[in-house]
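S.K.: Structure provided below as structure tokens; questions to follow.
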Amino acid sequence: MSDTLILGTRKGTVILDRTTSGWQARPILHAGITVCYATRDPRDGTLWASLDHGHWGPKLSRSRDGGETWEDLSTLKYPEGARHILQYLPTPDFEAEAPTGEPDYANATVYKIWYLAFGGPNQPGRVYAGTIPGGLFISDDGGDSWTLNRPLWNHESRGGDLFAGGATSENHWGGTPASIDYGVFEPGIHSILVDPREPNHLHVAVSSAGVLESTDGGETWVGRNQGMLMDYLPNPAADWGHDPHYITQCPGQPEHLWQQNHCGVFYSNDGAKQWKKVSVPEAGVHFGFPIAVDEQDGSTAWVVPARADMARMTLDGGLFVARTTDGGESWQKLRQGLPQEHAHDIVFRHALDVSGDRLCFGSTTGNAYVSEDRGDTWQCLGNNFPPIYSVRFG
Amino acid sequence: MPTVKMTSHLYRFFPQLENQVITLPSGSVAEVLHGINELAPGFTDYILDERGAMRRHVKLCINDTIVIDRKALSDRVQEEDTLFIFQALSGG
């Protein structure tokens, strides 16, 4: 179990250490800068923070000395010629020009570096980054340089190779509301899974397209959305258009994947070849953003349910975590130690994590809670953090 | 030569520019910005995106005039001009 917690918050990076007297927060890092994701590379201990500068563009920040000093990197950029088909938010007050019926193209620029993942032990220096507007970047030198993964960027589900010319297929990738802050409505990659058995076996999740798998290190990609159901398009079981909020994979049983989706909780025990909806709306388990899976038991997972997409808040004014130990057949509400009155928190997709028997989550209300007993009981780490966007054990 | 003045927020990332009188040869806004980038490598990554367009929440002025061409940055900065680099108001 990890004795370190790393929070990405609206006002900087917060690292907490578990001491004999409890969890202690260090002075805030990247003070005043929005950190949309912060994590630690388990291979060499490098700390990473994705800076979401309001003015100066997204940057990665890297520390190789445990957080004492940081180096900001501007190396992650879309290459010349990278284009995407413009998306339009279907609301009358969206400022973009109205679509013409034909695809409109835009030159790609990085709006947000949403997620980071790390290669296997035999891939030193390999780091993955998921971005809005939907590009997967790969570094093999620890972040000094990055390459856009063109097979995914040029995927037929997204219109084909736009480096070469116009679209050759229909675009099925929709925008994510998380992009609206940047004045656009474009897709985003927020989940990247590296199979611990075979590091060239990858899954990514895209809002709003779905899950894709590569078994050859990103050379080819196939959609893995069989069994997914959505409730906002005419065909609920369409190949594309799904809105995974986050996917995760059991390290000890990597064929077990979990997905908190816009339209419920989904589980796969065959490596995402077939998903099964395991939501129980009447039990309060349906909508939400984060999901965590036990490190050893692929049938045990946790979610932090929310009311609904149109009411992104707790269900009944009380916070709870829901846990299943049987692959989603049943869910247990865990409330002990969590506020049960006047609590309306929402927990974002990267703001729940597990390490052994420990779990931690943080909310955009600035509350953070940790459990030492697999969620049975919770203690508050603080109520005055800035809005919390990510929680990771380090 | 034109003078460049900028929001002090940028000194956090480029401390070598603090307390400096920055003068650069006249030219387009793009050319002047790239001149600053010579003094402080990486500077343009904070002002421009990877397509060379001005970032959404950055505002540039030549004297009292807001720079219009945010994509190609073709506005001219003349010998006696001052190029101001501001951060637009946003957030909370």
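Identifiers in this document derive from the order of the structure tokens: chains are assigned A, B, ..., residues are numbered from 1 separately in each chain, and ligands are numbered from 1 in order of occurrence.
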Excluding same-chain residues fewer than 5 positions from Pro387 (chain A), what lies within 9 Å of it counting only C-alpha atoms, as a PyMOL selection string?
M.R.: chain A and resi 8-11+362-367
S.K.: Any idea which chain A residues end up within 9 Å of chain B if we count only C-alpha atoms, as a PyMOL selection string please?
M.R.: chain A and resi 54-58+72-74+77-80+107-110+182-183
S.K.: Keeping only C-alpha atoms, take the residues you just selected and write them out as a PDB file, in the first residue's frame.
M.R.:
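Output contents, as saved in again_15.pdb:
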```pdb
ATOM      1  CA  GLY A  54      -5.857  29.325 -18.214  1.00  0.00           C
ATOM      2  CA  HIS A  55      -3.754  31.611 -20.378  1.00  0.00           C
ATOM      3  CA  TRP A  56      -0.518  30.000 -21.429  1.00  0.00           C
ATOM      4  CA  GLY A  57      -1.678  26.672 -22.830  1.00  0.00           C
ATOM      5  CA  PRO A  58      -1.395  23.145 -21.449  1.00  0.00           C
ATOM      6  CA  ASP A  72       7.819  22.534 -17.204  1.00  0.00           C
ATOM      7  CA  LEU A  73       7.734  20.980 -20.644  1.00  0.00           C
ATOM      8  CA  SER A  74       6.262  22.418 -23.838  1.00  0.00           C
ATOM      9  CA  LYS A  77       2.424  19.358 -29.667  1.00  0.00           C
ATOM     10  CA  TYR A  78       0.342  18.238 -32.603  1.00  0.00           C
ATOM     11  CA  PRO A  79       2.484  17.881 -35.716  1.00  0.00           C
ATOM     12  CA  GLU A  80       2.045  19.994 -38.811  1.00  0.00           C
ATOM     13  CA  ASN A 107      -5.847  22.209 -37.459  1.00  0.00           C
ATOM     14  CA  ALA A 108      -5.228  20.354 -34.236  1.00  0.00           C
ATOM     15  CA  THR A 109      -3.856  22.073 -31.164  1.00  0.00           C
ATOM     16  CA  VAL A 110      -3.609  20.716 -27.658  1.00  0.00           C
ATOM     17  CA  TYR A 182     -11.706  25.727 -24.218  1.00  0.00           C
ATOM     18  CA  GLY A 183     -14.353  27.078 -26.538  1.00  0.00           C
TER      19      GLY A 183
END
```
S.K.: Within region 126-182 of chain A, find each residue whose DSSP state, derived from the backbone, is strand (DSSP E), and express the selection as a VMD selection string.
M.R.: chain A and resid 127 to 132 136 to 139 147 to 148
S.K.: Against region 295-298 of chain A, which residues of region 160-274 of chain A fall within 9 Å? For each one I want the closest pair of atoms and the distance in Å (one decimal), counting only C-alpha atoms, rows by chain and increasing residue number, as CSV.
M.R.:
```
residue,atom,partner,partner_atom,distance
A:Gln249,CA,A:Gly298,CA,7.9
A:Cys250,CA,A:Gly298,CA,5.2
A:Pro251,CA,A:Glu295,CA,5.3
A:Gly252,CA,A:Gln296,CA,4.4
A:Gln253,CA,A:Gly298,CA,5.6
A:Pro254,CA,A:Gly298,CA,7.6
A:Glu255,CA,A:Gly298,CA,8.0
A:His256,CA,A:Gly298,CA,5.2
A:Leu257,CA,A:Gly298,CA,7.6
A:Trp258,CA,A:Gly298,CA,8.8
A:Asn269,CA,A:Gly298,CA,7.8
```
S.K.: What's around Phe348 (chain A) at 7 Å? Count only C-alpha atoms, leave out sequence neighbours fewer than 5 positions away in its own chain, and write the answer as a PyMOL selection string.
M.R.: chain A and resi 289-290+363+389
S.K.: May I have the selected residues written with N, CA and C atoms, as a PDB file, in the first residue's frame?
M.R.:
```
ATOM      1  N   PHE A 289     -18.590   9.353 -12.363  1.00  0.00           N
ATOM      2  CA  PHE A 289     -17.384   9.547 -13.180  1.00  0.00           C
ATOM      3  C   PHE A 289     -16.273   8.545 -12.864  1.00  0.00           C
ATOM      4  N   PRO A 290     -15.839   8.387 -11.612  1.00  0.00           N
ATOM      5  CA  PRO A 290     -14.668   7.535 -11.392  1.00  0.00           C
ATOM      6  C   PRO A 290     -15.056   6.082 -11.139  1.00  0.00           C
ATOM      7  N   SER A 363     -13.318  15.615  -4.077  1.00  0.00           N
ATOM      8  CA  SER A 363     -14.448  16.191  -4.807  1.00  0.00           C
ATOM      9  C   SER A 363     -14.132  17.603  -5.268  1.00  0.00           C
ATOM     10  N   TYR A 389      -9.348  17.567  -8.907  1.00  0.00           N
ATOM     11  CA  TYR A 389      -9.573  16.958 -10.211  1.00  0.00           C
ATOM     12  C   TYR A 389      -8.980  15.558 -10.314  1.00  0.00           C
TER      13      TYR A 389
END
```
S.K.: Using only C-alpha atoms for the distances, tell me which of B:Leu17, B:Ala30, B:Met1, B:Leu39 is nearest to Arg70 (chain B).
M.R.: B:Ala30
S.K.: So which bits of chain B end up alpha helix (DSSP H) when you DSSP the backbone, as a list in words?
M.R.: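 Going through chain B, the alpha helix (DSSP H) residues come out as Val29, Ala30, Glu31, Val32, Leu33, His34, Gly35, Ile36, Asn37, Glu38, Leu39, Phe43, Thr44, Asp45, Tyr46 and Ile47 of chain B.
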S.K.: Any chance you could export the current selection's N, CA and C atoms as a compact mmCIF listing (two decimals), in the first residue's frame?
M.R.:
```txt
# COMPACT_ATOMS: atom_id res chain seq x y z
N VAL B 29 4.24 41.15 -35.66
CA VAL B 29 4.11 40.69 -34.28
C VAL B 29 4.76 39.31 -34.13
N ALA B 30 4.56 38.46 -35.12
CA ALA B 30 5.16 37.12 -35.06
C ALA B 30 6.67 37.22 -34.96
N GLU B 31 7.26 38.10 -35.74
CA GLU B 31 8.73 38.23 -35.73
C GLU B 31 9.22 38.76 -34.38
N VAL B 32 8.50 39.70 -33.82
CA VAL B 32 8.91 40.24 -32.52
C VAL B 32 8.82 39.15 -31.44
N LEU B 33 7.73 38.38 -31.48
CA LEU B 33 7.59 37.31 -30.48
C LEU B 33 8.70 36.28 -30.61
N HIS B 34 9.04 35.96 -31.82
CA HIS B 34 10.13 34.99 -32.00
C HIS B 34 11.46 35.59 -31.56
N GLY B 35 11.57 36.90 -31.64
CA GLY B 35 12.76 37.55 -31.09
C GLY B 35 12.84 37.37 -29.58
N ILE B 36 11.69 37.49 -28.91
CA ILE B 36 11.69 37.24 -27.46
C ILE B 36 12.06 35.79 -27.19
N ASN B 37 11.59 34.91 -28.06
CA ASN B 37 11.88 33.49 -27.87
C ASN B 37 13.39 33.22 -27.94
N GLU B 38 14.11 34.06 -28.66
CA GLU B 38 15.57 33.90 -28.69
C GLU B 38 16.17 34.24 -27.33
N LEU B 39 15.58 35.23 -26.67
CA LEU B 39 16.06 35.63 -25.35
C LEU B 39 15.64 34.64 -24.27
N PHE B 43 9.38 30.75 -24.88
CA PHE B 43 8.44 31.84 -24.61
C PHE B 43 7.22 31.77 -25.53
N THR B 44 7.45 31.53 -26.81
CA THR B 44 6.31 31.56 -27.74
C THR B 44 5.32 30.43 -27.45
N ASP B 45 5.79 29.33 -26.81
CA ASP B 45 4.85 28.26 -26.47
C ASP B 45 3.80 28.72 -25.46
N TYR B 46 4.10 29.79 -24.75
CA TYR B 46 3.14 30.31 -23.77
C TYR B 46 2.17 31.31 -24.41
N ILE B 47 2.59 31.93 -25.48
CA ILE B 47 1.77 32.97 -26.10
C ILE B 47 0.98 32.42 -27.29
```
S.K.: Ranking A:Arg40, A:His30, A:Arg64, A:His262 by minimum distance to Asp52 (chain A) and counting only C-alpha atoms, which one comes first?
M.R.: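 Of all the options, A:His30 lies closest to Asp52 (chain A).
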S.K.: Would you please work out which residue, of B:Asn63, B:Asn19, B:Phe14, B:Ala40, is nearest to Glu80 (chain B) when using only C-alpha atoms?
M.R.: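 Of all the options, B:Asn63 lies closest to Glu80 (chain B).
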